[in-house]
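Notes to accompany the following structure.
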Amino acid sequence: KIKNCQHKVWQTLSFSSIPVNYGGHTAYQNTFVSDFLNLFPDPFAVPKQTWDIIVKFWYLDLCETDTIMQEFYPLTGKPATRFPSCLLRSYLLSIVMKVDSITEWCRLLKITPLYAILSGFPPHDTPGVGTFYDFFNRLWQSDKHNYINQVKHKKAKPEKGKKRGDKTPCDTESAAAKLLPLMQRIHLPNSNPFFLIFRLYKAQFLDVSVRRGLINSAQLSLAGDGTPLETARLERSKRICGCPKGSGCGCKRKFSQPDCNWGWDSSRNKYFFGYHLYMLVAADSENDLPVFPMLERASRHDMLSFLHTFFAMKSYLPEFHIEKLLLDSAHDAYPLYDYCKTNCINPFIDLNPGHTGYFKYKNDFTIDEDGVPVCKLGLRMHHDGVEKAKHREKYRCPLANRKKGCFCEHPCSDSKYGRTVHIQQKDNPRLFNIPPRDSKEWKLEYNKRTSVERSNKREKIDYKLEDGRHRSSKMWYCRLYAIMMLQHLDAWKMPTRVDTIFTFSRMATSK
């Protein structure tokens with residue numbers, strides 16, 4: 001019986017598909033040094049730009065990827081021959097080398113030994129396309145590659161901005177008033193299909209940046225902004241109904257990118273098809289490091305995307321304490337100020353030009369010592385209620401009657417209701433900030449909001465985020481998080497090229 005049990009255990013371990021990396025990162029470094037010196041006996045002949053990439057990836061420890069992903073491999077079946085850490089390192093290297101096609105990258109791995117050994121593969125045994133996509137399927141914790149079903153009705157394009165540079169019209173005040181209590185009540189779960197991708201990013205990059213002092217998670221200054229992410233020029237769909245062609249029927253169609261739709265790009269003054277990428281960045285980090293992203297529908301307004309992304313980040317990163325919130329004028333809404341005041345967050349939000357009329361007083365009115373407005377005849381106005389949602393008090397003309405109208409000999413309004421004036425309350429968090437909104441300290445802090453714009457530029461221009469030829473949210477999230485990993489890797493201080501070459505020489509001599 002004992003022999004039979006031992007045989008069963010041995011058989012289970014022999015056919016287990018869980019890749020176990022016993023040597024860890026040290027084994028990868030030793031193998032790379034021996035293979036590299038065989039290819040390049042004179043390391044100083046390698047170009048400096050190539051050495052910058054070698055140094056980053058040689059010191060990048062991704063062994064925790066193998067540990068985290070062990071539970072996502074079946075216990076029985078064909079054993080895996082590729083470590084997840086090597087596949088992730090190779091995918092990051094392909095983005096650095098500006099290769100957007102997995103098929104093209106697999107071809108380059110076969111003909112370029114340096115790419116193979118830097119990824120962690122033997123030069124003569126590199127993985128195929130199917131191996132990479134099997135790795136992506138394991139990262140995406142869902143059987144479906146998109147959130148929404150591919151079969152759906154076609155929707156119209158969103159409304160344009162009224163003027164050049166204006167975003168899609170949205171009542172941010174009412175949207176925030178409805179969604180904020182809902183988001184606080186439901187507590188978004190951290191079980192999205194991209195959870196495993198986020199787990200790898202957090203464990204091996206975000207937490208490392210926190211430990212290196214690049215991000216202060218205890219007193220985080222968070223900047224947020226949305227940016228268009230164009231995934232295709234046209235909306236691809238096909239008919240699945242039996243209606244005659246050209247009939248213009250409203251039946252459901254099958255879409256190749258169901259999670260994407262049309263959005264209005266206010267900066268370029270045109271429509272685009274894709275996602276609305278909302279990014280939260282550590283504004284107080286010198287390297288504009290990203291913290292948490294979400295791919296929203298392209299038609300969504302910045303306020304709606306912010307609420308979803310912000311509360312999702314609080315669910316995924318509960319240990320991060322947000323001290324400051326830096327947002328542009330699209331987020332200027334009273335409910336958001338109230339939320340920040342309740343949760344001890346200092347908001348730095350630019351005022352929306354369309355809302356400035358709410359707190360400017362007319363030239364023909366003055367304010368008495370006790371805060372009561374005085375009309376141009378010198379009469380104190382009557383208090384007529386409080387608008388709590390907008391943190392203001394309402395005053396009416398003292399000579400006006402609700403039923404009979406205004407009895408003033410020189411009325412200052414044509415309305416029978418009489419002239420009204422709104423006075424902002426002293427506890428109005430929108431106008432009375434600490435530090436004051438018109439102070440130099442407030443402006444210096446708000447200027448850090450541009451860190452999120454620089455981070456978006458790094459992703460979209462430097463790392464060619466939009467060049468990914470994908471049609472699924474699975475692959476777009478994989479590409480987005482891989483670029484964010486590289487942003488953190490670029491911010492880490494690495495040894496110099498000369499020190500690394502001497503390290504290679506010592507390791508080769510010791511063998």
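Going through the structure tokens in order, the chains are called A, B, and so on, while each chain numbers its residues from 1 and the ligands are numbered from 1 in the order shown.
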I'd like to know which residues of segment 342-488 of chain A are helix (DSSP H, G or I) (by DSSP, run on the backbone); could you write them as an MDAnalysis selection string? chainID A and resid 342 353:358 388:390 440:462 465:467 473:488
Quick one: residues within 12 Å of Ala175 of chain A, only C-alpha atoms counted, chain neighbours fewer than 2 positions away excluded, as a VMD selection string? chain A and resid 169 to 173 177 to 183 300 to 307 330 to 336
Restrict the selected residues to N, CA, C and O atoms and save them as a compact mmCIF listing (two decimals), in the first residue's frame.
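Writing the result to part21.txt gives the following:
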# COMPACT_ATOMS: atom_id res chain seq x y z
N PRO A 169 -21.57 67.13 -23.44
CA PRO A 169 -22.38 67.71 -22.37
C PRO A 169 -22.82 66.67 -21.34
O PRO A 169 -23.22 65.57 -21.69
N CYS A 170 -22.72 67.04 -20.08
CA CYS A 170 -23.10 66.15 -18.98
C CYS A 170 -23.41 66.98 -17.76
O CYS A 170 -22.66 67.92 -17.42
N ASP A 171 -24.49 66.66 -17.09
CA ASP A 171 -24.85 67.34 -15.85
C ASP A 171 -24.06 66.69 -14.72
O ASP A 171 -24.51 65.74 -14.08
N THR A 172 -22.83 67.17 -14.52
CA THR A 172 -21.95 66.54 -13.54
C THR A 172 -22.50 66.66 -12.12
O THR A 172 -22.25 65.79 -11.27
N GLU A 173 -23.25 67.73 -11.85
CA GLU A 173 -23.81 67.92 -10.50
C GLU A 173 -24.76 66.79 -10.14
O GLU A 173 -24.64 66.15 -9.09
N ALA A 177 -24.25 63.49 -7.68
CA ALA A 177 -25.18 63.36 -6.56
C ALA A 177 -25.84 61.98 -6.55
O ALA A 177 -26.15 61.44 -5.48
N LYS A 178 -26.05 61.38 -7.71
CA LYS A 178 -26.69 60.06 -7.78
C LYS A 178 -25.69 58.93 -7.59
O LYS A 178 -25.98 57.94 -6.92
N LEU A 179 -24.50 59.05 -8.20
CA LEU A 179 -23.55 57.94 -8.20
C LEU A 179 -22.71 57.84 -6.93
O LEU A 179 -22.36 56.75 -6.51
N LEU A 180 -22.37 58.99 -6.33
CA LEU A 180 -21.51 58.95 -5.15
C LEU A 180 -22.12 58.14 -4.00
O LEU A 180 -21.45 57.26 -3.45
N PRO A 181 -23.37 58.37 -3.61
CA PRO A 181 -23.95 57.52 -2.55
C PRO A 181 -24.02 56.05 -2.95
O PRO A 181 -23.84 55.18 -2.10
N LEU A 182 -24.28 55.79 -4.23
CA LEU A 182 -24.34 54.40 -4.69
C LEU A 182 -22.98 53.73 -4.58
O LEU A 182 -22.87 52.59 -4.10
N MET A 183 -21.92 54.41 -5.01
CA MET A 183 -20.58 53.84 -4.96
C MET A 183 -20.13 53.60 -3.52
O MET A 183 -19.47 52.62 -3.20
N ARG A 300 -18.26 57.92 -22.16
CA ARG A 300 -18.41 58.34 -20.77
C ARG A 300 -17.73 59.68 -20.51
O ARG A 300 -16.65 59.97 -21.04
N HIS A 301 -18.35 60.46 -19.64
CA HIS A 301 -17.79 61.73 -19.20
C HIS A 301 -16.72 61.48 -18.14
O HIS A 301 -16.71 60.44 -17.47
N ASP A 302 -15.82 62.45 -17.98
CA ASP A 302 -14.73 62.31 -17.01
C ASP A 302 -15.24 62.08 -15.59
O ASP A 302 -14.64 61.33 -14.82
N MET A 303 -16.35 62.74 -15.22
CA MET A 303 -16.88 62.59 -13.88
C MET A 303 -17.33 61.15 -13.61
O MET A 303 -17.02 60.57 -12.56
N LEU A 304 -18.04 60.54 -14.55
CA LEU A 304 -18.51 59.17 -14.38
C LEU A 304 -17.33 58.20 -14.33
O LEU A 304 -17.31 57.27 -13.51
N SER A 305 -16.36 58.41 -15.21
CA SER A 305 -15.18 57.54 -15.21
C SER A 305 -14.38 57.69 -13.93
O SER A 305 -13.85 56.70 -13.39
N PHE A 306 -14.28 58.90 -13.43
CA PHE A 306 -13.53 59.11 -12.18
C PHE A 306 -14.17 58.36 -11.01
O PHE A 306 -13.46 57.70 -10.24
N LEU A 307 -15.49 58.47 -10.87
CA LEU A 307 -16.15 57.82 -9.74
C LEU A 307 -15.95 56.31 -9.78
O LEU A 307 -15.66 55.69 -8.75
N ALA A 330 -13.68 69.47 -15.12
CA ALA A 330 -14.76 68.52 -15.44
C ALA A 330 -15.29 67.82 -14.19
O ALA A 330 -16.36 67.22 -14.23
N HIS A 331 -14.54 67.89 -13.10
CA HIS A 331 -14.94 67.24 -11.84
C HIS A 331 -15.49 68.23 -10.82
O HIS A 331 -15.64 67.89 -9.65
N ASP A 332 -15.78 69.45 -11.26
CA ASP A 332 -16.25 70.50 -10.36
C ASP A 332 -17.73 70.28 -10.04
O ASP A 332 -18.61 70.71 -10.79
N ALA A 333 -18.01 69.61 -8.93
CA ALA A 333 -19.39 69.31 -8.51
C ALA A 333 -19.44 69.30 -6.99
O ALA A 333 -18.54 68.78 -6.32
N TYR A 334 -20.50 69.86 -6.43
CA TYR A 334 -20.63 69.97 -4.98
C TYR A 334 -20.59 68.62 -4.25
O TYR A 334 -19.99 68.51 -3.19
N PRO A 335 -21.25 67.57 -4.76
CA PRO A 335 -21.19 66.28 -4.04
C PRO A 335 -19.78 65.75 -3.87
O PRO A 335 -19.48 65.12 -2.86
N LEU A 336 -18.89 66.03 -4.84
CA LEU A 336 -17.51 65.56 -4.71
C LEU A 336 -16.77 66.33 -3.62
O LEU A 336 -15.98 65.75 -2.86
For Leu379 of chain A, work out the shell of residues within 12 Å, counting only C-alpha atoms and skipping chain neighbours fewer than 2 positions away, then give it as a PyMOL selection string. chain A and resi 365-368+372-377+381-382+395-399+408
Could you list, as a PDB file with N, CA, C and O atoms, in the first residue's frame, every residue within 8 Å of Phe32 of chain A, counting only C-alpha atoms and ignoring same-chain residues fewer than 6 positions away?
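And here's result.pdb as it stands now:
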ATOM      1  N   ILE A 117      17.640  35.092 -24.833  1.00  0.00           N
ATOM      2  CA  ILE A 117      18.276  34.880 -23.524  1.00  0.00           C
ATOM      3  C   ILE A 117      17.902  35.974 -22.541  1.00  0.00           C
ATOM      4  O   ILE A 117      17.874  35.735 -21.324  1.00  0.00           O
ATOM      5  N   LEU A 118      17.626  37.185 -23.031  1.00  0.00           N
ATOM      6  CA  LEU A 118      17.189  38.244 -22.125  1.00  0.00           C
ATOM      7  C   LEU A 118      15.780  37.954 -21.598  1.00  0.00           C
ATOM      8  O   LEU A 118      15.446  38.327 -20.468  1.00  0.00           O
ATOM      9  N   GLY A 120      14.801  34.881 -21.043  1.00  0.00           N
ATOM     10  CA  GLY A 120      14.936  33.708 -20.188  1.00  0.00           C
ATOM     11  C   GLY A 120      14.759  32.399 -20.925  1.00  0.00           C
ATOM     12  O   GLY A 120      14.638  31.349 -20.283  1.00  0.00           O
TER      13      GLY A 120
END
When you look at Glu235 of chain A with a cut-off of 9 Å (counting only C-alpha atoms), what residues show up, excluding the ones that are within fewer than 4 positions of it in the same chain? I need them as a list in words. Phe255, Ser256, Gln257, Cys260, Asn261, Trp262, Phe273 and Gly274 of chain A
Restrict the selected residues to N, CA and C atoms and save them as a PDB file, in the first residue's frame.
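So the final result, stored in again_23.pdb, reads:
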ATOM      1  N   PHE A 255     -20.815  42.449 -32.717  1.00  0.00           N
ATOM      2  CA  PHE A 255     -19.713  43.411 -32.752  1.00  0.00           C
ATOM      3  C   PHE A 255     -18.399  42.711 -32.399  1.00  0.00           C
ATOM      4  N   SER A 256     -17.335  43.124 -33.082  1.00  0.00           N
ATOM      5  CA  SER A 256     -16.027  42.537 -32.800  1.00  0.00           C
ATOM      6  C   SER A 256     -15.404  43.136 -31.544  1.00  0.00           C
ATOM      7  N   GLN A 257     -15.764  44.388 -31.200  1.00  0.00           N
ATOM      8  CA  GLN A 257     -15.276  45.036 -29.976  1.00  0.00           C
ATOM      9  C   GLN A 257     -16.473  45.564 -29.186  1.00  0.00           C
ATOM     10  N   CYS A 260     -16.200  48.619 -26.666  1.00  0.00           N
ATOM     11  CA  CYS A 260     -15.854  49.934 -27.202  1.00  0.00           C
ATOM     12  C   CYS A 260     -17.078  50.585 -27.839  1.00  0.00           C
ATOM     13  N   ASN A 261     -17.071  51.885 -27.907  1.00  0.00           N
ATOM     14  CA  ASN A 261     -18.104  52.630 -28.620  1.00  0.00           C
ATOM     15  C   ASN A 261     -17.533  53.970 -29.065  1.00  0.00           C
ATOM     16  N   TRP A 262     -18.386  54.814 -29.627  1.00  0.00           N
ATOM     17  CA  TRP A 262     -17.939  56.109 -30.136  1.00  0.00           C
ATOM     18  C   TRP A 262     -17.893  57.148 -29.015  1.00  0.00           C
ATOM     19  N   PHE A 273     -13.327  55.907 -31.998  1.00  0.00           N
ATOM     20  CA  PHE A 273     -13.904  54.633 -31.564  1.00  0.00           C
ATOM     21  C   PHE A 273     -12.899  53.912 -30.677  1.00  0.00           C
ATOM     22  N   GLY A 274     -13.324  53.551 -29.480  1.00  0.00           N
ATOM     23  CA  GLY A 274     -12.415  52.850 -28.577  1.00  0.00           C
ATOM     24  C   GLY A 274     -12.865  52.947 -27.138  1.00  0.00           C
TER      25      GLY A 274
END
Env of Asp328 of chain A: 8 Å cut, atoms = only C-alpha atoms, seq-sep filter 6 positions within chain, self excluded. Answer as a VMD selection string. chain A and resid 225 349 to 351 449
Between segment 199-304 of chain A and segment 457-476 of chain A, at 9 Å or less, what are the per-residue closest atom pairs and their distances in Å? Count only C-alpha atoms, order by chain and rising residue number, and return it as a tab-separated table.
residue	atom	partner	partner_atom	distance
A:Leu229	CA	A:Glu466	CA	6.5
A:Glu230	CA	A:Glu466	CA	6.3
A:Thr231	CA	A:Glu466	CA	6.3
A:Ala232	CA	A:Arg469	CA	8.4
A:Ser256	CA	A:Arg471	CA	6.5
A:Gln257	CA	A:Arg471	CA	5.4
A:Pro258	CA	A:Ser472	CA	8.3
A:Asp259	CA	A:Ser473	CA	7.1
A:Cys260	CA	A:Ser473	CA	8.8
A:Leu295	CA	A:Ser473	CA	8.3
Residues near Ser119 of chain A, anyone? I mean within 6 Å using only C-alpha atoms, not counting same-chain ones fewer than 5 positions away, as a VMD selection string. chain A and resid 86 89 to 90
Pick from A:His25, A:Arg185, A:Lys162, A:Arg297: nearest to Glu64 of chain A, with only C-alpha atoms counted?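 For Glu64 of chain A, the nearest of the candidates is A:His25.
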Measuring atom to atom with only C-alpha atoms, identify which of A:Ala508, A:Ile501, A:Ala400, A:Ile434 is nearest to Thr420 of chain A.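 Smallest distance to Thr420 of chain A is found for A:Ala400.
When only C-alpha atoms are used to measure the gap to Asn287 of chain A, the shortest distance among A:Met97, A:Cys241, A:Cys340, A:Leu486 belongs to A:Leu486.
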Could you tell me how far atom CA of Val291 of chain A sits from atom CA of Leu188 of chain A, in Å to one decimal place? 17.4 Å
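Distance check against Ser329 of chain A using only C-alpha atoms: of A:Asn352, A:Asn447, A:Thr496, A:Asn346, the minimum falls on A:Asn352.
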Of the listed residues A:Val421, A:Asp42, A:Tyr59, A:Leu277, that which approaches Asn30 of chain A most closely, counting only C-alpha atoms: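 Looking at the shortest contact to Asn30 of chain A, the residue is A:Tyr59.
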